[in-house]
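Peer 1: Quick one: structure below, then a few questions.
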2 protein chains.
Amino acid sequence: MPARAEAAMAPEPGGDEFEIIARHFAPLARTPFARGLIDDVALIEGAGDLIVTTDAIVEGVHFLADDPLDLVARKALRVNISDIAAKGGEPKYYTLMLLWPDGRDADDVAILVRGLDFDQRIYGVDLIGGDTARTPGPLTLAVTMLGAPLAGAPSRAGAKPGDDLWVTGTIGDGGLGLEVRRGGLGELDAGARDFLAQRYQLPDPRVGFAPILGGLASASCDVSDGLIADAGHIAATSDVALDIEAGAIPLSDAARAWAGGDEARIARLAAMGDDYEILFAAPAAARAIIAQSHWMGRQGVTRIGVVKAGEGARLIGASGPIALAAGGYAHRLGARAR
Amino acid sequence: MPARAEAAMAPEPGGDEFEIIARHFAPLARTPFARGLIDDVALIEGAGDLIVTTDAIVEGVHFLADDPLDLVARKALRVNISDIAAKGGEPKYYTLMLLWPDGRDADDVAILVRGLDFDQRIYGVDLIGGDTARTPGPLTLAVTMLGAPLAGAPSRAGAKPGDDLWVTGTIGDGGLGLEVRRGGLGELDAGARDFLAQRYQLPDPRVGFAPILGGLASASCDVSDGLIADAGHIAATSDVALDIEAGAIPLSDAARAWAGGDEARIARLAAMGDDYEILFAAPAAARAIIAQSHWMGRQGVTRIGVVKAGEGARLIGASGPIALAAGGYAHRLGARAR
């Protein structure tokens, strides 16, 4: 937080923003570049090449009112870290803009900070500044994350016909997890429901896979809008077609139990969002080194399709292309525009 | 805007966020570092030293519901540019997080973009990324601005006893302007009221003064919380006392007409915020070069006080220190916490 505050975080006399910054946020600013959050700015010396991304999460739109605040804070960091990782970068610094609802207890900030602190330790990132404001609207966390490319930063535009299409981890867990959090999917056992809910609340950005992307991927992005939608973005930007084999899409045990091998259900999983996996294209010559990327551990990486001449992303089932419902599966809390 | 959208900006089919980005925001991303906003990230190559700051403005808290959207957008940029300028830096790139209220016409984005475009041309800054989300709450613009220091970036911590205290421009116009916008100050003439309202709606960050700050200022910050409050921050951080002469505080003709030489009113002006002037300390040896900084033009720079051993910021009137009301003048739309 900068020492200059646009508005107080909370109306309590004890909720003075300067005190909140000193007590809660200054301990998160461990790099000297952050100037202890007592200045208006951070100064990053010798930044070199920097990857910059920004994403906000809004209560009622991207998370639920009863999601624990520490998980909300961690999700705000992780959706940004996911973007950096998908570009082959190492996340380093972030700013946080916190919109704190009128009347919400200022002491709850401590819970949020606990989550930030936890993930700072996991991912090696540092808070370097931010802003807080009161709002009559919903709790909102907007993070801008700065990272360093490890070996270049693939765009969406470089996929070439003949490339393979790969995805990390598993697809559809986040979308199913939202359904669980809304009280759905009672047909699954408790262990599966818990797993899916956690995948929704706390994505696991694939930072371990970032080191090989800069050298090997011809195009990449993270899967946040849904596998098919994000593949469509790569296809459009690279001016190619992407064919994804429905049967090759990696599923968790829980998602597999839900889909039961039904291609229509697999298509729905591929249209859900909140996966925060990495989707990328790479030349076939890189196949062996990608498949042997043992540092991925159980997260895994799966070859799911091919890049062709043409346009658009298609999902290919056992008997040909699967028709996709326009607009995809409404996995968000609010209606989607597309 | 990144191509991946957390939520749509507007529920209309024609309001698809990708289309909004392509139509409205991509033309603002003129640097190749922005990747045309079709990627999830920007890549700044060879960034060197970077000043980073972030500030959000919220409808009903930092601007009024009937403030024109182009001015709102420009204010969002300018409050951040002010922070960069106060640290002796040149603003270069920004990200924008836009929270768009449910039900607000998506076509209004064009008005907002016009304001961004205008100020990008004035200040030479480029949009490099961002995020948009729907919100059930108020319109909110959160900007993260990246700048380059021209000759170091003074902190708040370096003021030394014996230094002079300076401020650019004039003090209190923004706070009075808010009163005008609320329908007050009917005793002033229309020209004065218009001037003050514009000073509130569209601050004028002192970028022209940035080049000499890095070399000369021992401590600096922009005046956003009010002259006395921000002087208090420098005093606390530098572990010194600041004495400000009430009679030396630079006032616009309009503010002078309102104050009428009344020290209590001058004290209120010094407690208002939204000035976006630069307050700085500098050694007395720098007095001549600062006073001769002709590139400030009519904006001017005024020596308003001295740095002493001790603590706190005091306002000195004709017959000694002026008692300041706790909490200052309520110049914001909402109540302040301090």
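Each chain in the structure tokens gets a letter, A, B and so on, in the order shown; residues start at 1 in every chain, and ligands are counted from 1 in the order they appear.
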Please return as a PyMOL selection string: the residues of segment 20-214 of chain B that backbone DSSP assigns to helix (DSSP H, G or I).

Peer 2: chain B and resi 20-28+32-37+69-86+106-123+173-181+190-201+207-214

Peer 1: Neighbouring residues of segment 209-221 of chain A were defined as those with any atom within 6 Å, considering only C-alpha atoms; residues of the same chain fewer than 5 positions away were excluded. Please report them as a count of residues only.

Peer 2: 18

Peer 1: Just want the 10 Å neighbourhood of Ala318 of chain B, counted on only C-alpha atoms, with same-chain residues fewer than 6 positions away dropped. Output as a compact mmCIF listing (two decimals) with N, CA, C and O atoms, in the first residue's frame.

Peer 2:
```
# COMPACT_ATOMS: atom_id res chain seq x y z
N GLU B 245 4.77 28.13 6.78
CA GLU B 245 4.22 29.47 7.01
C GLU B 245 2.89 29.60 6.29
O GLU B 245 2.84 29.54 5.05
N ALA B 246 1.84 29.83 7.04
CA ALA B 246 0.51 29.94 6.44
C ALA B 246 0.48 31.01 5.35
O ALA B 246 -0.10 30.82 4.27
N GLY B 247 1.16 32.12 5.62
CA GLY B 247 1.13 33.22 4.66
C GLY B 247 1.90 32.94 3.39
O GLY B 247 1.76 33.67 2.39
N GLU B 263 -6.73 33.33 8.41
CA GLU B 263 -5.80 32.22 8.67
C GLU B 263 -6.52 30.90 8.91
O GLU B 263 -6.02 29.84 8.55
```

Peer 1: Given only C-alpha atoms as the basis, pick out the residue of B:Lys160, B:His233, B:Arg121, B:Arg206 nearest to chain A.

Peer 2: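 Closest residue, counting only C-alpha atoms: B:His233.
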
Peer 1: So that I can see what lies close to segment 28-37 of chain B, please list as a VMD selection string the residues with an atom at most 12 Å from it, counting only C-alpha atoms and leaving out residues fewer than 3 positions away in the same chain.

Peer 2: (chain A and resid 49 to 54 153 to 157 237) or (chain B and resid 1 to 5 18 to 25 40 to 47 92 to 96 110 112 to 121 124 to 131)

Peer 1: Could you pull the residues within 8 Å of Leu188 of chain A, counting only C-alpha atoms, minus those fewer than 6 positions along the same chain, as a ChimeraX atom specification?

Peer 2: /A:254,257-258
